[in-house]
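> You'll find protein02.cif just under this line, and it carries mmCIF, C-alpha atoms.
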```
data_data
loop_
_atom_site.label_atom_id
_atom_site.label_comp_id
_atom_site.auth_asym_id
_atom_site.auth_seq_id
_atom_site.Cartn_x
_atom_site.Cartn_y
_atom_site.Cartn_z
CA MET A 160 -52.49 -27.72 -17.73
CA ILE A 161 -52.54 -28.86 -14.16
CA THR A 162 -55.16 -27.81 -11.62
CA GLY A 163 -56.34 -29.28 -8.36
CA SER A 164 -57.17 -28.63 -4.73
CA ARG A 165 -54.44 -28.39 -2.13
CA ALA A 166 -54.32 -31.14 0.44
CA ALA A 167 -53.09 -30.36 3.94
CA VAL A 168 -49.59 -31.83 4.16
CA TRP A 169 -47.39 -31.58 7.26
CA LEU A 170 -44.24 -32.79 5.55
CA ALA A 171 -42.52 -29.84 3.96
CA VAL A 172 -40.03 -31.88 1.91
CA VAL A 173 -40.50 -35.41 0.65
CA ALA A 174 -38.17 -35.70 -2.30
CA LEU A 175 -34.93 -35.90 -0.31
CA VAL A 176 -36.16 -38.98 1.54
CA ALA A 177 -34.90 -42.42 0.67
CA THR A 178 -37.09 -45.39 1.57
CA GLY A 179 -37.19 -46.69 5.13
CA CYS A 180 -36.99 -43.52 7.23
CA LYS A 181 -35.70 -44.02 10.75
CA ALA A 182 -38.16 -43.40 13.55
CA PRO A 183 -37.69 -40.01 15.27
CA HIS A 184 -35.28 -40.00 18.22
CA GLY A 185 -36.99 -39.51 21.55
CA GLY A 186 -39.41 -36.70 22.33
CA GLY A 187 -39.80 -34.00 24.91
CA SER A 188 -37.39 -31.14 25.20
CA GLY A 189 -34.49 -33.23 23.70
CA GLY A 190 -31.05 -31.98 22.80
CA GLY A 191 -29.98 -29.70 25.62
CA GLY A 192 -29.41 -25.99 25.27
CA GLY A 193 -25.84 -25.48 24.13
CA ASP A 194 -24.18 -25.89 27.54
CA GLY A 195 -21.24 -27.83 26.16
CA SER A 196 -22.73 -31.27 26.76
CA VAL A 197 -24.04 -31.67 23.21
CA GLU A 198 -22.57 -34.75 21.53
CA LEU A 199 -21.39 -34.07 17.98
CA PRO A 200 -21.15 -36.79 15.30
CA PRO A 201 -17.76 -38.35 14.51
CA GLY A 202 -15.73 -36.21 12.12
CA ALA A 203 -17.65 -33.03 12.95
CA THR A 204 -15.67 -29.77 13.02
CA PRO A 205 -16.94 -27.37 15.71
CA VAL A 206 -17.53 -23.80 14.61
CA ALA A 207 -16.48 -21.05 16.98
CA SER A 208 -19.77 -19.20 16.93
CA THR A 209 -22.56 -20.66 19.06
CA LEU A 210 -25.14 -19.14 16.78
CA ALA A 211 -25.77 -20.08 13.18
CA PRO A 212 -24.63 -17.40 10.73
CA GLN A 213 -27.51 -15.39 9.39
CA PRO A 214 -27.70 -13.63 6.04
CA THR A 215 -27.65 -9.88 6.39
CA THR A 216 -29.82 -7.60 4.36
CA ALA A 217 -28.54 -4.10 3.70
CA LEU A 218 -31.08 -1.35 4.19
CA PRO A 219 -32.04 0.34 0.94
CA PRO A 220 -30.99 3.94 0.51
CA ALA A 221 -33.60 6.52 1.30
CA VAL A 222 -35.74 7.46 -1.66
CA VAL A 223 -37.14 10.95 -1.72
CA SER A 224 -39.68 10.26 -4.44
CA PRO A 225 -40.29 6.78 -5.89
CA VAL A 226 -41.89 8.28 -8.99
CA GLY A 227 -38.55 9.29 -10.43
CA THR A 228 -37.18 5.75 -10.11
CA LEU A 229 -39.96 4.02 -12.05
CA GLN A 230 -39.27 2.86 -15.58
CA PRO A 231 -42.00 3.64 -18.11
CA ALA A 232 -43.97 0.73 -19.52
CA PRO A 233 -43.09 -0.25 -23.08
CA LEU A 234 -45.31 1.40 -25.66
CA THR A 235 -45.73 -1.96 -27.36
CA PHE A 236 -44.73 -5.60 -26.87
CA ALA A 237 -44.98 -6.19 -30.63
CA PRO A 238 -41.22 -6.43 -31.33
CA ILE A 239 -40.80 -9.08 -28.62
CA ALA A 240 -43.76 -11.11 -29.89
CA LYS A 241 -42.71 -10.78 -33.52
CA ALA A 242 -39.16 -11.95 -32.85
CA ALA A 243 -40.16 -14.88 -30.62
CA ASP A 244 -43.25 -16.17 -32.42
CA PRO A 245 -41.44 -18.23 -35.13
CA SER A 246 -39.74 -20.24 -32.38
CA VAL A 247 -42.99 -21.16 -30.60
CA VAL A 248 -44.71 -24.40 -31.65
CA THR A 249 -48.02 -26.13 -31.08
CA ILE A 250 -47.83 -29.69 -29.74
CA ASN A 251 -50.71 -32.09 -30.40
CA THR A 252 -50.69 -35.51 -28.76
CA VAL A 253 -52.72 -38.70 -28.93
CA ALA A 254 -52.78 -41.12 -26.00
CA THR A 255 -54.75 -44.23 -25.16
CA GLU A 256 -56.90 -44.15 -22.06
CA VAL A 257 -58.97 -46.85 -20.40
CA GLU A 258 -62.64 -46.05 -19.85
CA VAL A 259 -65.06 -48.00 -17.67
CA SER A 260 -68.71 -48.09 -18.75
CA PRO A 261 -71.01 -46.97 -15.90
CA PHE A 262 -73.63 -49.47 -17.14
CA THR A 263 -71.70 -52.62 -18.07
CA HIS A 264 -68.57 -51.85 -15.99
CA ARG A 265 -66.54 -53.11 -18.90
CA ARG A 266 -63.21 -51.57 -19.71
CA ARG A 267 -62.50 -50.22 -23.15
CA GLN A 268 -59.70 -48.24 -24.72
CA ALA A 269 -60.33 -44.76 -26.03
CA LEU A 270 -58.14 -42.18 -27.74
CA ALA A 271 -57.48 -38.97 -25.86
CA LYS A 272 -56.14 -35.89 -27.62
CA GLY A 273 -53.93 -33.34 -25.90
CA LEU A 274 -52.73 -29.84 -26.69
CA GLY A 275 -49.76 -27.87 -25.48
CA THR A 276 -47.00 -25.47 -26.43
CA GLY A 277 -43.24 -25.71 -26.89
CA PHE A 278 -40.33 -23.57 -28.03
CA VAL A 279 -37.14 -24.23 -29.97
CA VAL A 280 -33.90 -24.08 -27.95
CA ASP A 281 -31.52 -25.80 -30.39
CA ALA A 282 -32.36 -25.08 -34.03
CA LYS A 283 -29.47 -27.12 -35.42
CA ASN A 284 -30.56 -30.33 -33.69
CA GLY A 285 -34.30 -29.64 -33.69
CA ILE A 286 -34.62 -29.62 -29.87
CA ILE A 287 -37.86 -28.28 -28.43
CA LEU A 288 -38.68 -27.77 -24.76
CA THR A 289 -42.13 -28.35 -23.29
CA ASN A 290 -43.77 -29.65 -20.12
CA ASN A 291 -43.57 -33.31 -19.24
CA HIS A 292 -47.33 -33.39 -18.64
CA VAL A 293 -47.91 -32.26 -22.23
CA ILE A 294 -46.31 -35.37 -23.76
CA ASP A 295 -46.61 -37.83 -20.87
CA ASN A 296 -47.88 -41.27 -22.04
CA ALA A 297 -48.44 -39.96 -25.59
CA GLN A 298 -48.41 -42.55 -28.37
CA GLU A 299 -48.23 -39.85 -31.05
CA ILE A 300 -46.67 -36.39 -30.92
CA GLU A 301 -47.22 -33.87 -33.70
CA VAL A 302 -45.40 -30.54 -33.75
CA GLN A 303 -46.90 -27.69 -35.75
CA LEU A 304 -44.52 -24.84 -36.61
CA SER A 305 -45.49 -21.22 -37.09
CA ASP A 306 -45.27 -21.70 -40.88
CA GLN A 307 -47.94 -24.46 -40.55
CA ARG A 308 -45.56 -27.37 -41.18
CA ARG A 309 -46.59 -30.46 -39.20
CA LEU A 310 -43.84 -32.86 -38.14
CA PRO A 311 -43.64 -35.91 -35.87
CA GLY A 312 -41.91 -35.33 -32.55
CA LYS A 313 -39.71 -37.81 -30.70
CA VAL A 314 -39.18 -37.69 -26.95
CA VAL A 315 -35.52 -37.12 -26.05
CA GLY A 316 -35.73 -36.75 -22.28
CA THR A 317 -38.28 -36.23 -19.51
CA ASP A 318 -38.28 -35.32 -15.84
CA SER A 319 -41.61 -35.59 -14.05
CA ARG A 320 -40.33 -34.06 -10.80
CA THR A 321 -39.73 -30.69 -12.47
CA ASP A 322 -42.28 -31.21 -15.28
CA ILE A 323 -39.67 -30.67 -18.01
CA ALA A 324 -39.44 -32.55 -21.31
CA ALA A 325 -37.33 -32.27 -24.47
CA ILE A 326 -38.47 -33.51 -27.87
CA ARG A 327 -36.79 -33.53 -31.27
CA ILE A 328 -38.07 -32.85 -34.77
CA ASP A 329 -36.31 -33.21 -38.12
CA ALA A 330 -36.73 -29.81 -39.74
CA LYS A 331 -34.73 -27.06 -41.39
CA GLY A 332 -35.11 -23.34 -41.01
CA LEU A 333 -35.78 -23.41 -37.26
CA ARG A 334 -34.99 -20.45 -35.06
CA SER A 335 -33.89 -20.81 -31.42
CA LEU A 336 -35.05 -18.56 -28.61
CA PRO A 337 -32.31 -17.01 -26.46
CA LEU A 338 -32.31 -18.29 -22.87
CA GLY A 339 -32.19 -15.66 -20.13
CA ASP A 340 -31.22 -15.51 -16.47
CA SER A 341 -34.28 -16.17 -14.32
CA ASP A 342 -32.38 -15.16 -11.17
CA ALA A 343 -31.92 -11.66 -12.58
CA ILE A 344 -35.62 -10.97 -13.06
CA ASP A 345 -37.40 -9.21 -10.20
CA VAL A 346 -40.92 -9.05 -8.86
CA GLY A 347 -42.65 -6.29 -10.81
CA ASP A 348 -40.68 -6.79 -14.04
CA TRP A 349 -42.63 -7.02 -17.29
CA VAL A 350 -42.95 -10.44 -18.96
CA VAL A 351 -44.62 -11.76 -22.11
CA ALA A 352 -46.20 -15.21 -22.53
CA ILE A 353 -46.78 -16.91 -25.89
CA GLY A 354 -48.78 -20.11 -26.30
CA ASN A 355 -51.86 -21.88 -27.57
CA PRO A 356 -54.61 -21.41 -24.96
CA PHE A 357 -57.67 -23.49 -25.82
CA GLY A 358 -56.13 -24.11 -29.23
CA LEU A 359 -55.94 -20.41 -30.12
CA SER A 360 -52.48 -20.68 -31.59
CA HIS A 361 -49.74 -18.14 -30.96
CA THR A 362 -51.66 -16.08 -28.46
CA VAL A 363 -49.62 -13.35 -26.76
CA SER A 364 -50.33 -12.03 -23.26
CA ALA A 365 -48.35 -9.67 -21.04
CA GLY A 366 -48.04 -8.97 -17.34
CA ILE A 367 -45.50 -8.78 -14.57
CA ILE A 368 -43.64 -11.18 -12.29
CA SER A 369 -45.95 -11.35 -9.28
CA ALA A 370 -43.74 -13.45 -7.00
CA LYS A 371 -40.75 -15.79 -7.01
CA GLY A 372 -39.96 -19.00 -5.19
CA ARG A 373 -43.44 -20.56 -5.22
CA THR A 374 -43.19 -24.22 -4.19
CA ARG A 375 -45.47 -27.26 -4.20
CA ASP A 376 -46.96 -25.90 -0.97
CA ASP A 377 -48.27 -22.97 -3.02
CA VAL A 378 -49.15 -24.91 -6.17
CA PRO A 379 -50.93 -28.25 -5.52
CA LEU A 380 -49.10 -30.48 -7.98
CA ASP A 381 -47.19 -33.76 -7.75
CA PRO A 382 -46.17 -34.04 -4.05
CA SER A 383 -42.82 -35.53 -5.06
CA GLY A 384 -42.11 -32.64 -7.42
CA MET A 385 -39.34 -30.07 -7.12
CA TYR A 386 -40.77 -26.65 -7.85
CA ASP A 387 -39.49 -23.10 -7.50
CA PHE A 388 -42.01 -21.31 -9.69
CA LEU A 389 -42.11 -17.78 -10.97
CA GLN A 390 -45.63 -16.43 -10.48
CA THR A 391 -47.05 -14.11 -13.13
CA ASP A 392 -50.30 -12.32 -13.86
CA ALA A 393 -49.79 -12.67 -17.62
CA SER A 394 -52.87 -14.60 -18.76
CA ILE A 395 -52.18 -18.36 -18.90
CA ASN A 396 -54.82 -20.94 -19.79
CA PRO A 397 -55.00 -24.65 -20.67
CA GLY A 398 -52.91 -25.03 -23.81
CA ASN A 399 -50.25 -22.55 -22.65
CA SER A 400 -48.32 -25.36 -20.94
CA GLY A 401 -44.75 -25.54 -22.20
CA GLY A 402 -44.74 -22.07 -23.74
CA PRO A 403 -42.06 -19.44 -23.10
CA LEU A 404 -42.22 -16.59 -20.61
CA LEU A 405 -40.05 -13.79 -22.00
CA ASN A 406 -38.40 -10.72 -20.52
CA LEU A 407 -38.22 -7.39 -22.34
CA LYS A 408 -35.02 -8.50 -24.07
CA GLY A 409 -36.94 -11.35 -25.70
CA GLU A 410 -35.09 -13.95 -23.61
CA VAL A 411 -36.85 -16.95 -22.07
CA VAL A 412 -36.88 -16.60 -18.29
CA GLY A 413 -39.43 -19.35 -17.63
CA MET A 414 -41.62 -22.11 -19.04
CA ASN A 415 -45.34 -21.63 -18.42
CA SER A 416 -46.57 -24.70 -16.59
CA ALA A 417 -49.50 -24.33 -14.22
CA ILE A 418 -52.45 -22.21 -13.16
CA ARG A 419 -54.34 -21.91 -9.92
CA GLY A 420 -58.02 -21.18 -9.50
CA GLY A 421 -58.95 -21.77 -13.14
CA GLY A 422 -57.81 -20.09 -16.32
CA ALA A 423 -56.85 -16.43 -16.65
CA GLN A 424 -57.17 -15.62 -12.95
CA GLY A 425 -53.95 -13.66 -12.92
CA ILE A 426 -52.20 -16.49 -11.07
CA GLY A 427 -49.97 -18.45 -13.40
CA PHE A 428 -46.72 -20.29 -12.72
CA ALA A 429 -43.58 -20.80 -14.78
CA ILE A 430 -40.52 -23.00 -14.25
CA PRO A 431 -37.44 -20.74 -13.90
CA MET A 432 -35.10 -20.95 -16.88
CA ASN A 433 -32.02 -21.40 -14.70
CA MET A 434 -33.52 -24.59 -13.28
CA ILE A 435 -34.16 -25.88 -16.80
CA LYS A 436 -30.66 -24.96 -18.01
CA GLN A 437 -29.15 -26.92 -15.12
CA LEU A 438 -31.07 -30.10 -16.00
CA LEU A 439 -31.17 -29.87 -19.81
CA PRO A 440 -27.67 -31.30 -20.52
CA MET A 441 -28.50 -34.39 -18.45
CA LEU A 442 -31.87 -34.80 -20.17
CA LEU A 443 -30.28 -34.64 -23.62
CA ARG A 444 -27.46 -36.99 -22.65
CA ASP A 445 -29.26 -39.61 -20.55
CA GLY A 446 -32.94 -39.07 -21.26
CA HIS A 447 -33.63 -38.63 -17.55
CA VAL A 448 -32.29 -36.92 -14.43
CA THR A 449 -30.34 -38.87 -11.80
CA ARG A 450 -30.60 -37.10 -8.46
CA SER A 451 -28.49 -37.23 -5.35
CA ALA A 452 -29.91 -37.23 -1.83
CA LEU A 453 -29.10 -36.60 1.82
CA GLY A 454 -31.67 -39.09 3.08
CA VAL A 455 -33.62 -36.80 5.41
CA ASN A 456 -37.06 -35.30 5.92
CA ILE A 457 -36.83 -31.57 6.50
CA LYS A 458 -39.01 -28.55 7.09
CA ASP A 459 -38.42 -24.81 7.39
CA VAL A 460 -37.22 -23.63 10.80
CA HIS A 461 -39.79 -20.83 10.79
CA GLU A 462 -42.56 -23.46 10.62
CA LEU A 463 -41.67 -24.86 14.04
CA GLY A 464 -44.08 -24.37 16.92
CA PRO A 465 -43.02 -23.23 20.42
CA GLU A 466 -42.52 -26.79 21.76
CA GLU A 467 -40.60 -27.83 18.66
CA ARG A 468 -38.36 -24.77 18.91
CA GLU A 469 -37.54 -25.66 22.51
CA ALA A 470 -36.85 -29.28 21.51
CA VAL A 471 -34.24 -28.27 18.93
CA GLY A 472 -32.54 -25.81 21.28
CA LEU A 473 -33.73 -22.49 19.89
CA ALA A 474 -33.88 -19.71 22.46
CA GLU A 475 -37.11 -17.79 22.91
CA GLY A 476 -37.31 -15.07 20.30
CA GLN A 477 -34.27 -16.36 18.38
CA GLU A 478 -34.86 -16.01 14.65
CA MET A 479 -32.89 -17.99 12.11
CA ASN A 480 -33.14 -19.50 8.67
CA GLY A 481 -32.44 -23.09 7.77
CA ALA A 482 -33.96 -26.54 7.38
CA VAL A 483 -34.61 -28.68 10.44
CA ILE A 484 -34.35 -32.48 10.19
CA PHE A 485 -37.42 -34.32 11.48
CA GLY A 486 -36.63 -37.72 9.99
CA VAL A 487 -33.44 -39.57 9.02
CA SER A 488 -33.42 -42.46 6.54
CA HIS A 489 -31.95 -45.50 8.28
CA GLY A 490 -28.55 -46.30 6.79
CA GLY A 491 -28.71 -43.31 4.45
CA PRO A 492 -26.02 -40.65 3.86
CA ALA A 493 -27.13 -38.38 6.72
CA ASP A 494 -27.47 -41.32 9.10
CA ARG A 495 -23.97 -42.56 8.26
CA ALA A 496 -22.64 -39.04 8.89
CA GLY A 497 -24.22 -38.96 12.35
CA LEU A 498 -26.93 -36.38 11.69
CA GLU A 499 -30.02 -36.61 13.88
CA GLN A 500 -33.57 -35.46 14.22
CA GLY A 501 -33.61 -31.87 15.45
CA ASP A 502 -30.37 -30.87 13.70
CA ILE A 503 -30.74 -27.61 11.76
CA ILE A 504 -28.89 -27.38 8.44
CA VAL A 505 -27.93 -23.73 7.90
CA ALA A 506 -25.51 -24.07 4.95
CA PHE A 507 -24.78 -26.51 2.13
CA ASP A 508 -21.23 -26.40 0.73
CA GLY A 509 -20.91 -22.74 1.69
CA THR A 510 -24.36 -21.69 0.47
CA ALA A 511 -26.58 -20.34 3.25
CA ILE A 512 -29.91 -22.18 3.46
CA ASP A 513 -32.92 -19.90 3.58
CA ARG A 514 -35.63 -22.57 3.29
CA SER A 515 -36.02 -26.31 2.97
CA ALA A 516 -36.90 -26.24 -0.75
CA GLN A 517 -33.53 -24.62 -1.45
CA LEU A 518 -31.69 -27.40 0.42
CA GLN A 519 -33.75 -29.99 -1.43
CA TRP A 520 -32.67 -28.60 -4.80
CA LEU A 521 -28.99 -28.22 -3.89
CA ALA A 522 -28.75 -31.73 -2.45
CA SER A 523 -30.54 -33.31 -5.40
CA THR A 524 -28.37 -31.68 -8.07
CA ALA A 525 -24.94 -31.85 -6.38
CA GLY A 526 -24.21 -35.33 -7.73
CA VAL A 527 -24.38 -38.92 -6.50
CA GLY A 528 -21.24 -39.90 -4.57
CA ARG A 529 -20.08 -36.32 -4.09
CA THR A 530 -18.82 -35.28 -0.66
CA VAL A 531 -20.39 -32.05 0.59
CA THR A 532 -19.96 -30.02 3.76
CA LEU A 533 -23.02 -29.15 5.81
CA ARG A 534 -23.04 -26.49 8.49
CA VAL A 535 -25.31 -27.77 11.24
CA GLN A 536 -26.65 -26.37 14.49
CA ARG A 537 -27.46 -28.91 17.22
CA SER A 538 -28.95 -27.55 20.43
CA GLY A 539 -27.06 -24.27 20.09
CA LYS A 540 -23.74 -25.80 19.00
CA VAL A 541 -22.62 -25.19 15.42
CA PHE A 542 -20.38 -27.60 13.51
CA ASP A 543 -19.39 -28.57 9.98
CA GLN A 544 -19.99 -32.15 8.88
CA ARG A 545 -18.98 -33.85 5.64
CA VAL A 546 -21.58 -36.09 3.99
CA ILE A 547 -21.26 -38.40 0.98
CA LEU A 548 -24.48 -38.03 -1.03
CA GLY A 549 -26.44 -41.09 -2.09
CA GLN A 550 -28.91 -41.53 -4.92
CA LEU A 551 -32.51 -40.42 -4.64
CA GLN A 552 -34.86 -43.34 -5.04
CA ASP A 553 -37.74 -42.61 -7.40
CA GLN A 554 -41.18 -42.63 -5.89
CA VAL A 555 -44.34 -43.45 -7.79
CA ALA A 556 -46.22 -40.22 -8.33
CA PRO A 557 -50.03 -40.19 -8.11
CA PRO A 558 -51.91 -39.69 -11.39
CA ARG A 559 -52.50 -36.07 -12.34
#
```
So, in terms of structure tokens, how does the structure I just supplied come out?


Amino acid sequence: MITGSRAAVWLAVVALVATGCKAPHGGGSGGGGGDGSVELPPGATPVASTLAPQPTTALPPAVVSPVGTLQPAPLTFAPIAKAADPSVVTINTVATEVEVSPFTHRRRQALAKGLGTGFVVDAKNGIILTNNHVIDNAQEIEVQLSDQRRLPGKVVGTDSRTDIAAIRIDAKGLRSLPLGDSDAIDVGDWVVAIGNPFGLSHTVSAGIISAKGRTRDDVPLDPSGMYDFLQTDASINPGNSGGPLLNLKGEVVGMNSAIRGGGAQGIGFAIPMNMIKQLLPMLLRDGHVTRSALGVNIKDVHELGPEEREAVGLAEGQEMNGAVIFGVSHGGPADRAGLEQGDIIVAFDGTAIDRSAQLQWLASTAGVGRTVTLRVQRSGKVFDQRVILGQLQDQVAPPR
């Protein structure tokens, strides 16, 4: 399980950046104010509207009494736990660590044991999902099934940026857990977590979805990571890592991965199942994830201060969503397409951009070499620009 203090970081998105970022263009008010003198990049297609399109939110119908709309809590979570428990496994690992004696300052190797959770997603092929940090650097992996069988596990694929790993065991009689739709679950919905907190195997806890869309700014993890966590108040402790978070249908909607503020504080985080389902085929096929990239540093538009808003051509009081570019990788895809510091990306291949983390995920999973269309606002002028995505260069992550 990962814990740690949050460091103050100004950069909102790091993972889209290729090495060798270009120095920011000029300073001051920069960019003009949409008076027709704005220079667009070659190949850009102007958009008639001078304002970026904004998502509209329909007002909810009036509710006379909210009491009548509430669904009663289940009388028991026992059927969910009983059906899912045979698919949940305990993962024990052994790794070699280097210790330095405080007296002799000599280095020596020592064995470190680890504990985590996993769940079966492909019974026929013995595929089990867990967190990357559960099996990272492990020399030995032992999987204990609910019927007490102990089998060696072999790593099939890992992705440190999303903290996902797949391992394989050779066993018969396995049962897969059904995978649900994490986009369909709402804040306030009931969820059930199963895992091995502190080695207490097959512990069940229940709670609700407390929030969605928690990023690395909310959870102090690997700064190069790509996170879009579900937050839950179902009790999660060290040892729960890699375990399933289930909805009331018994479907996995998330993988329990992190806590904040110590164990069982009612603040736990799970990787959304839809994110895992998108990456799993690549993990099983290649053993790793190859990501595409725009080659920019970005931050949320709503994080801009008054001077920054003026510099990018936003009128006083103008509210908009999107990701503003504050650094362009020299010679990268965005640079070759003529994008500049201060440009605001408001849509990616037709998908409206609400925040920078969303753009980061879309750009990284679209595919290396694919041509995408960005809708961009530059100093009040809106245009569409085609960009050929490059490959994201891996960065060395700090030790956890």

> Enclose all atoms of region 497-502 of chain A listed in the file in an axis-aligned box, grow every side by 4 Å, and hand back centre and edge lengths in Å to one decimal, as lines of an AutoDock Vina configuration file.


```
center_x = -28.9
center_y = -34.9
center_z = 13.6
size_x = 17.4
size_y = 16.1
size_z = 11.8
```

> Compile the contact shell of region 338-343 of chain A as a list in words: residues with an atom at most 9 Å away, counting all atoms listed in the file, same-chain residues fewer than 6 positions apart removed.

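In the requested form, the answer reads Val280, Leu389, Leu405, Asn406, Lys408, Gly409, Glu410, Val411, Val412, Gly413, Pro431, Met432, Asn433, Met434 and Lys436 of chain A.
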
> Considering only C-alpha atoms, can you say which of A:Asn284, A:Ser319, A:Gln298, A:Asn290 comes closest to Ser335 (chain A)?

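Of the candidates, the smallest distance to Ser335 (chain A) is held by A:Asn284.
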
> When the PyMOL selection byres ((chain A and resi 390) around 8) is applied to the structure above, which residues does it catch, written out as a ChimeraX atom specification?

/A:368-371,373,388-389,391-392,426-429

> So the first atom is CA of Thr374 (chain A) and the second is CA of Met479 (chain A); what is the distance between them in Å, to one decimal place?

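About the pair CA of Thr374 (chain A) and CA of Met479 (chain A): they are 20.3 Å apart.
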
> Please write the residues picked by the PyMOL selection byres ((chain A and resi 506-523) around 7) on this file as a list of chain:residue names.

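So the PyMOL selection byres ((chain A and resi 506-523) around 7) ends up selecting A:Val172, A:Leu175, A:Arg450, A:Ser451, A:Ala452, A:Leu453, A:Ile457, A:Lys458, A:Asp459, A:Asn480, A:Gly481, A:Ala482, A:Ile504, A:Val505, A:Thr524, A:Ala525, A:Val531, A:Thr532, A:Leu533, A:Arg534.
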
> Evaluating the PyMOL selection byres ((chain A and resi 377) around 10) on the displayed file yields which residues, as a ChimeraX atom specification?

/A:165,372-376,378-380,386-388,419

> Include C-alpha atoms and write out the residues we just selected as a PDB file, in the coordinates of the input.


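Result went into part-v4.pdb, see below:
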```
ATOM      1  CA  ARG A 165     -54.440 -28.390  -2.130  1.00  0.00           C
ATOM      2  CA  GLY A 372     -39.960 -19.000  -5.190  1.00  0.00           C
ATOM      3  CA  ARG A 373     -43.440 -20.560  -5.220  1.00  0.00           C
ATOM      4  CA  THR A 374     -43.190 -24.220  -4.190  1.00  0.00           C
ATOM      5  CA  ARG A 375     -45.470 -27.260  -4.200  1.00  0.00           C
ATOM      6  CA  ASP A 376     -46.960 -25.900  -0.970  1.00  0.00           C
ATOM      7  CA  VAL A 378     -49.150 -24.910  -6.170  1.00  0.00           C
ATOM      8  CA  PRO A 379     -50.930 -28.250  -5.520  1.00  0.00           C
ATOM      9  CA  LEU A 380     -49.100 -30.480  -7.980  1.00  0.00           C
ATOM     10  CA  TYR A 386     -40.770 -26.650  -7.850  1.00  0.00           C
ATOM     11  CA  ASP A 387     -39.490 -23.100  -7.500  1.00  0.00           C
ATOM     12  CA  PHE A 388     -42.010 -21.310  -9.690  1.00  0.00           C
ATOM     13  CA  ARG A 419     -54.340 -21.910  -9.920  1.00  0.00           C
TER      14      ARG A 419
END
```

> To one decimal place, how far is CA of Gly401 (chain A) from CA of Leu234 (chain A) in Å?

27.2 Å

> Can you list, as a PDB file with C-alpha atoms, keeping the file's coordinate frame, every protein, DNA or RNA residue that comes within 6 Å of Gly528 (chain A) when you count all atoms listed in the file, leaving out same-chain residues fewer than 4 positions away?


```pdb
ATOM      1  CA  ILE A 547     -21.260 -38.400   0.980  1.00  0.00           C
ATOM      2  CA  LEU A 548     -24.480 -38.030  -1.030  1.00  0.00           C
ATOM      3  CA  GLY A 549     -26.440 -41.090  -2.090  1.00  0.00           C
TER       4      GLY A 549
END
```

> Between A:Thr362, A:Thr263, A:Asn291, A:Ser394, which one has atoms that come closest to Ile326 (chain A), using all atoms listed in the file?

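The shortest atom-to-atom distance to Ile326 (chain A) comes from A:Asn291.
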
> Counting all atoms listed in the file, figure out which residue out of A:Ile395, A:Leu333, A:Val535, A:Leu439 gets nearest to Gly366 (chain A).

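Counting all atoms listed in the file, the residue closest to Gly366 (chain A) is A:Ile395.
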
> Could you please determine the separation between CA of Asn399 (chain A) and CA of Thr276 (chain A) in Å, to one decimal place?

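Taking CA of Asn399 (chain A) and CA of Thr276 (chain A), their separation equals 5.8 Å.
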
> Which residue out of A:Asp502, A:Asp318, A:Asp345, A:Asp244 has the minimum interatomic distance to Val293 (chain A) when only C-alpha atoms are used?

A:Asp318

> Quick one: of A:Leu336, A:Ala496, A:Leu404, A:Ala254, who's nearest to Ile287 (chain A), counting only C-alpha atoms?

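Using only C-alpha atoms, the shortest distance to Ile287 (chain A) belongs to A:Leu336.
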
> With all atoms listed in the file as the basis for distance, which of A:Ser538, A:Ser246, A:Thr235, A:Thr530 is at the shortest distance from Trp349 (chain A)?

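Smallest separation from Trp349 (chain A) among the options: A:Thr235.
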
> Please identify all polymer residues within 8 Å of Phe485 (chain A), counting only C-alpha atoms, omitting same-chain residues fewer than 5 positions from it, and present them as a VMD selection string.

chain A and resid 183 455 to 458 500 to 501

> Just want the 10 Å neighbourhood of Lys331 (chain A), counted on only C-alpha atoms, with same-chain residues fewer than 3 positions away dropped. Output as a ChimeraX atom specification.

/A:282-285,328,334

> Counting all atoms listed in the file, which residues have an atom no more than 8 Å from (-45.6, -19.3, -38.0) in the file's coordinates? Please list them as a list in words.

Asp244, Pro245, Leu304, Ser305, Asp306 and Gln307 of chain A

> Store the residues picked out above in a file with C-alpha atoms, as a PDB file, in the frame of the given file.


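Writing done, so here's again_13.pdb:
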```
ATOM      1  CA  ASP A 244     -43.250 -16.170 -32.420  1.00  0.00           C
ATOM      2  CA  PRO A 245     -41.440 -18.230 -35.130  1.00  0.00           C
ATOM      3  CA  LEU A 304     -44.520 -24.840 -36.610  1.00  0.00           C
ATOM      4  CA  SER A 305     -45.490 -21.220 -37.090  1.00  0.00           C
ATOM      5  CA  ASP A 306     -45.270 -21.700 -40.880  1.00  0.00           C
ATOM      6  CA  GLN A 307     -47.940 -24.460 -40.550  1.00  0.00           C
TER       7      GLN A 307
END
```
